[in-house]
Structure formats: structure tokens, C-alpha cells
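Everything below concerns the one structure shown next.
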Amino acid sequence: MAPGTDGDLYVSIPKPPGRVLVALLDSAGHPRAGWPLVVDGTTSCEQLLPVDDGLVRILCTLENRDGSAFAVVRAYGFDSEGRSLAGWPIDLDRYGADGYFAARVIGNELTVLAWKSLGKEIKEGQPAGNAWIATVAADGTVRAGSKVPYGTNCCTNAFALGPDGVAYGTTHQFGQGPSAPKLSQLLAISFAGVRTGFPVAIAGIASVPAFDAAGRLHLTVNDGPDQLAGTLVLDTTGQMVAGGSGGLGFSATDVCVGIEGSCEVPAAPLVGADGTTFVVGAYLRNTTVAGLSPSGQQLAGWPYRSDAGHQETGVCIPGEVCEGYSFAAPIMGPGNVVYLLHAAASTSAGGRIVAIGPDGHLVAGWPVGLKRAGSEVWSAVVAPDGNAYVLAIEPEPNNGHSATILALAPDSTVLYTTTIIDP
């Protein structure tokens with residue numbers, strides 16, 4: 001899901017096997033003229049990137065072509081009526097890419113951190129491939145920046161694209177054993193290549209960065225034997241600036257738990273335009289959120305603590321072995337309101353979404369709970385006007401599940417509900 005303009009909402013809906021529906025819903029939850037679109041031969045359309053002029057860029061992963069080891073990443077451009085823009089779509093493999101690590105729309109230009117595997121057996125200490133910034137203009141013109149080698153411990157979910165068009169990411173050294181030193185490096189790849197002043201060494205396990213309105217980088221860091229959380233703030237030259245804080249008293253978490261690959265890396269903090277920062281520790285049986293001012297001081301009324309567990313996502317089919325699980329990601333809306341997605345308190349209840357105001361207390365009218373037993377809130381997004389859009393997954397007969405979008409006003413009033421998957 002991704003908010004568009006004037007109350008619109010873009011939604012990507014998988015339709016196995018091998019196709020995805022992309023819908024544009026209006027402020028009443030109805031599809032706009034020309035939508036939905038069907039993208040065939042697609043495993044997912046994971047990036048919906050609206051543009052300020054009412055257009056949208058969409059990145060989809062297509063099925064392998066001609067037995068290739070890598071899937072094709074195709075970038076689409078559509079207008080508000082679902083018509084393909086001139087010069088689009090664009091296959092990134094035509095420009096040497098095997099995939100991408102991060103993407104963002106800056107102005108009306110799609111910016112992507114693309115990657116290319118070296119395609120051979122990787123030797124210890126040798127790069128696994130190259131990464132570079134690629135841009136796609138509104139007319140479909142592609143430009144490719146200088147290539148930078150990346151290592152074997154990089155880079156899925158390790159990069160974020162900043163408002164300056166630079167990709168910032170982290171790599172980690174976890175050490176042997178719980179008491180071993182843990183180290184991180186903050187990388188920066190610009191169109192011209194490696195950014196001057198980088199990489200930056202960081203003690204502890206650092207998240208990818210989040211950005212405030214000034215473009216400063218905010219990172220969560222778990223450090224020390226107990227892996228307690230703190231934050232760091234850097235400018236775009238890699239210099240530490242005021243605003244970081246330690247001593248939060250808990251370990252920050254990510255959305256993955258027990259999944260292959262390290263889940264020791266915390267999620268990026270939630271950062272407001274003014275630099276107000278929130279760090280989340282979300283667990284199955286409790287949740288803690290620390291609130292920090294732009295200067296790094298603990299905000300009055302924080303931390304927020306709840307006995308409610310954070311919501312797991314994904315469906316484990318009875319009889320199958322499911323390794324690990326993921327948490328539904330918390331989000332932040334206008335006015336520095338934090339939204340948490342909680343699991344049901346009992347088997348007879350549904351999940352709920354909680355809105356916490358900048359004073360550390362529940363916003364009036366919240367939480368909003370799902371009524372059906374076993375229902376869950378898997379994801380949410382917030383539009384610039386403060387309306388929240390929630391994806392609710394509800395059990396249906398014969399082990400099926402339906403998916404419904406709830407549109408909620410800032411005071412929790414239900415604006416509409418639209419079922420997008422009804423088995």
C-alpha cells in the first residue's frame with residue numbers, strides 16, 4: 001500500500017500463479033477509472049512509489065527469463081488513469097542489473113540502487129558484485145552511475161536512499177559469541193561512486209538510516225553485552241552531529257525473528273521531519289517505545305510501555321514447518337504520531353492498531369480493534385493528511401483468509417472498508 005494524492009491509495013494484490021493486480025482506490029475505497037491493472041508473469045510488485053504530480057512508479061519482480069539465475073526487475077510508469085507513460089516500462093537487466101537494493105522517487109525521477117553479481121564463485125575477501133545508482137527520468141531515460149564493489153555480507157534490506165539521491169547502508173561484524181565485539185560500517189554510494197568521508201565505523205550493530213527533513217541520517221544501534229539500544233545522528237558527510245542518545249534501557253528490534261540471515265540488526269528509528277525520533281522494541285508479549293527530542297533528550301511521557309505483543313505476520317499452513325516469523329512494522333504519521341500493530345489479547349479477540357501521540361499517551365479514539373476472532377493487522381501506512389490505511393487479514397472457512405483495507409481518520413473514524421482478497 002502507498003498513499004497517493006487527494007485520499008487515493010495504491011494497492012498491490014498478488015494473484016497466484018504469476019500475476020499481480022495493482023489498484024488505485026479513491027477516497028471512498030472504490031477503484032478509479034482505468035484501474036486495477038494486471039501485471040502478468042510477476043512474483044511481486046513490492047515498490048509503489050507515487051509522484052507529486054499524480055503519477056506513480058512501480059517496481060515489480062518478474063519470473064526468470066530464459067533460465068536466468070536472476071529474476072527481472074521491471075519499472076513501470078503510469079498516469080492517474082492507469083495509462084502507461086511514454087518510454088515505460090523499463091527492464092533493469094537491459095542496463096546490466098541483476099536486481100536492486102533500494103528505490104525512491106526524488107522529484108519526478110526514479111532513483112534505484114541497482115546491483116550486478118560477479119557471477120562466479122566468491123572467494124573470501126573478494127567482492128560479490130557491483131552496485132550503482134541508476135536514475136530513470138519521467139520520459140524513461142536511464143542514466144547509470146559509477147559502480148562500487150559490495151561484499152558477501154551485503155545488502156538485502158541494508159540500504160536506504162536519502163533525499164539527496166545517495167544510498168546509505170550498513171554492513172556488520174557480529175563476532176563469535178554474545179560477548180564478542182560487534183561492529184558496523186556505514187556505507188554511502190552516490191551517482192559518482194563512493195561518497196567522500198565513508199565508510200564510517202560504528203561500535204555495535206547499526207540499523208539502516210532514516211532521514212529527517214534536513215537530510216540528516218538517524219540510526220538505531222544495539223551495543224554492549226546486553227545489546228541495549230541507542231541512536232546516532234550523522235550529516236551527509238559522515239560526521240556525527242548532535243541528536244543521538246544512549247541508555248534507552250532495552251534492545252531495539254527488527255521485523256524479522258528467527259528467519260535465515262541475521263535478525264540481530266535493529267530496524268531504523270521512526271523519525272519526524274523535525275528530527276524527533278522513536279525507537280521500538282517489539283516482542284511477542286510486550287512492547288516498548290522510546291521517544292527522543294531532536295536534541296536527543298528523552299521526551300516527557302515516554303517511554304511508552306504495553307503488555308500487548310506485536311503482531312506476527314504470515315500464515316503457517318497446518319502440517320507445514322514454518323521457520324521464524326516477522327512482526328508487522330510500526331509506522332509514524334504527521335504530528336509525530338506513532339502507530340503500533342498489536343496482536344489479539346485472546347483467542348476470542350482480533351488484532352488492533354494503537355496510535356500514540358507525541359505526549360506518549362494514546363490518541364483519543366484509539367486503539368481500533370478488529371472484531372472477528374483470529375483477525376490480524378499486518379501492515380499500515382499513513383497519508384500526509386493523517387488518514388491511516390490498515391491491512392486486516394481475517395480467517396475464513398476452509399483455512400482461507402480474506403484481506404480488507406480499513407481507512408481510518410486521525411480520530412479513528414472508519415472512512416471505508418474494502419475487501420481486496422475474498423477466497
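Letters A, B, ... go to the chains of the C-alpha cells in the order shown; residues in each chain start at 1; ligands are counted from 1 in the same order.
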Those of region 216-336 of chain A in DSSP strand (DSSP E or B), formatted as a ChimeraX atom specification: /A:217-223,228-234,240,245,256-257,270-271,277-282,287-292,298,304-306,310,312-313,325-327,331-333
Neighbours of Pro163 (chain A) within 8 Å (only C-alpha atoms; same-chain residues fewer than 4 positions away dropped), as a PyMOL selection string? chain A and resi 106+211+215
For Phe250 (chain A), work out the shell of residues within 10 Å, counting only C-alpha atoms and skipping chain neighbours fewer than 5 positions away, then give it as a list in words.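 Counting only the stated atoms, we get Asn222, Asp226, Gln227, Leu228, Ala229, Gly230, Val279, Val280, Gly281, Thr288, Val289 and Ala290 of chain A.
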Two-atom distance - CA of Arg372 (chain A), CA of Gly351 (chain A) (Å):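 We find that CA of Arg372 (chain A) and CA of Gly351 (chain A) lie 8.8 Å from each other.
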So that I can check the surroundings of Ser375 (chain A), please list as a VMD selection string every protein, DNA and RNA residue that reaches within 7 Å of it, counting only C-alpha atoms and ignoring chain neighbours fewer than 2 positions away. chain A and resid 350 to 351 370 372 to 373 392 to 395
Would you mind exporting the chosen residues as a short mmCIF file (atom, residue, chain, number, x, y, z; two decimals), in the first residue's frame, restricted to C-alpha atoms?
data_model
loop_
_atom_site.label_atom_id
_atom_site.label_comp_id
_atom_site.auth_asym_id
_atom_site.auth_seq_id
_atom_site.Cartn_x
_atom_site.Cartn_y
_atom_site.Cartn_z
CA GLY A 350 -8.93 -9.62 16.95
CA GLY A 351 -5.75 -7.61 16.49
CA LEU A 370 -10.76 -5.89 14.75
CA ARG A 372 -13.54 -11.09 14.33
CA ALA A 373 -11.64 -13.64 16.44
CA ALA A 392 -6.57 -6.60 8.03
CA ILE A 393 -6.23 -10.35 7.49
CA GLU A 394 -9.23 -12.38 8.67
CA PRO A 395 -9.75 -16.16 8.83
#
Counting only C-alpha atoms, give me one row per residue of region 65-163 of chain A with an atom at most 8 Å from an atom of region 39-60 of chain A, showing the shortest contact pair and its distance in Å to one decimal, sorted by chain then residue number, as CSV.
residue,atom,partner,partner_atom,distance
A:Val73,CA,A:Cys60,CA,5.7
A:Arg74,CA,A:Cys60,CA,5.4
A:Ala75,CA,A:Leu59,CA,4.6
A:Tyr76,CA,A:Ile58,CA,5.0
A:Gly77,CA,A:Arg57,CA,4.6
A:Phe78,CA,A:Val56,CA,5.5
A:Asp79,CA,A:Leu55,CA,4.6
A:Ser80,CA,A:Leu55,CA,5.7
A:Ala103,CA,A:Gln47,CA,7.8
A:Arg104,CA,A:Leu49,CA,7.0
A:Val105,CA,A:Leu49,CA,6.4
A:Gly107,CA,A:Val51,CA,7.3
A:Asn108,CA,A:Val51,CA,6.1
A:Leu110,CA,A:Arg57,CA,7.3
Test item, helix (DSSP H, G or I) assignment across region 14-257 of chain A, answer as a PyMOL selection string: chain A and resi 92-95
Selection above as a file: C-alpha atoms, as a CSV table (one decimal), in the first residue's frame:
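Writing done, so here's result35.csv:
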chain,number,residue,atom,x,y,z
A,92,LEU,CA,16.8,-3.0,-15.4
A,93,ASP,CA,18.5,-6.1,-16.7
A,94,ARG,CA,18.8,-4.3,-20.1
A,95,TYR,CA,21.1,-1.9,-18.3
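If only C-alpha atoms are the atoms counted, then among A:Arg195, A:Lys116, A:Pro303, A:Val337 the closest residue to Pro384 (chain A) is A:Val337.
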Residue neighbourhood region 182-192 of chain A, 6 Å, only C-alpha atoms, exclusion window fewer than 6 positions, as a VMD selection string: chain A and resid 133 145 to 146 166 to 175 198 to 205
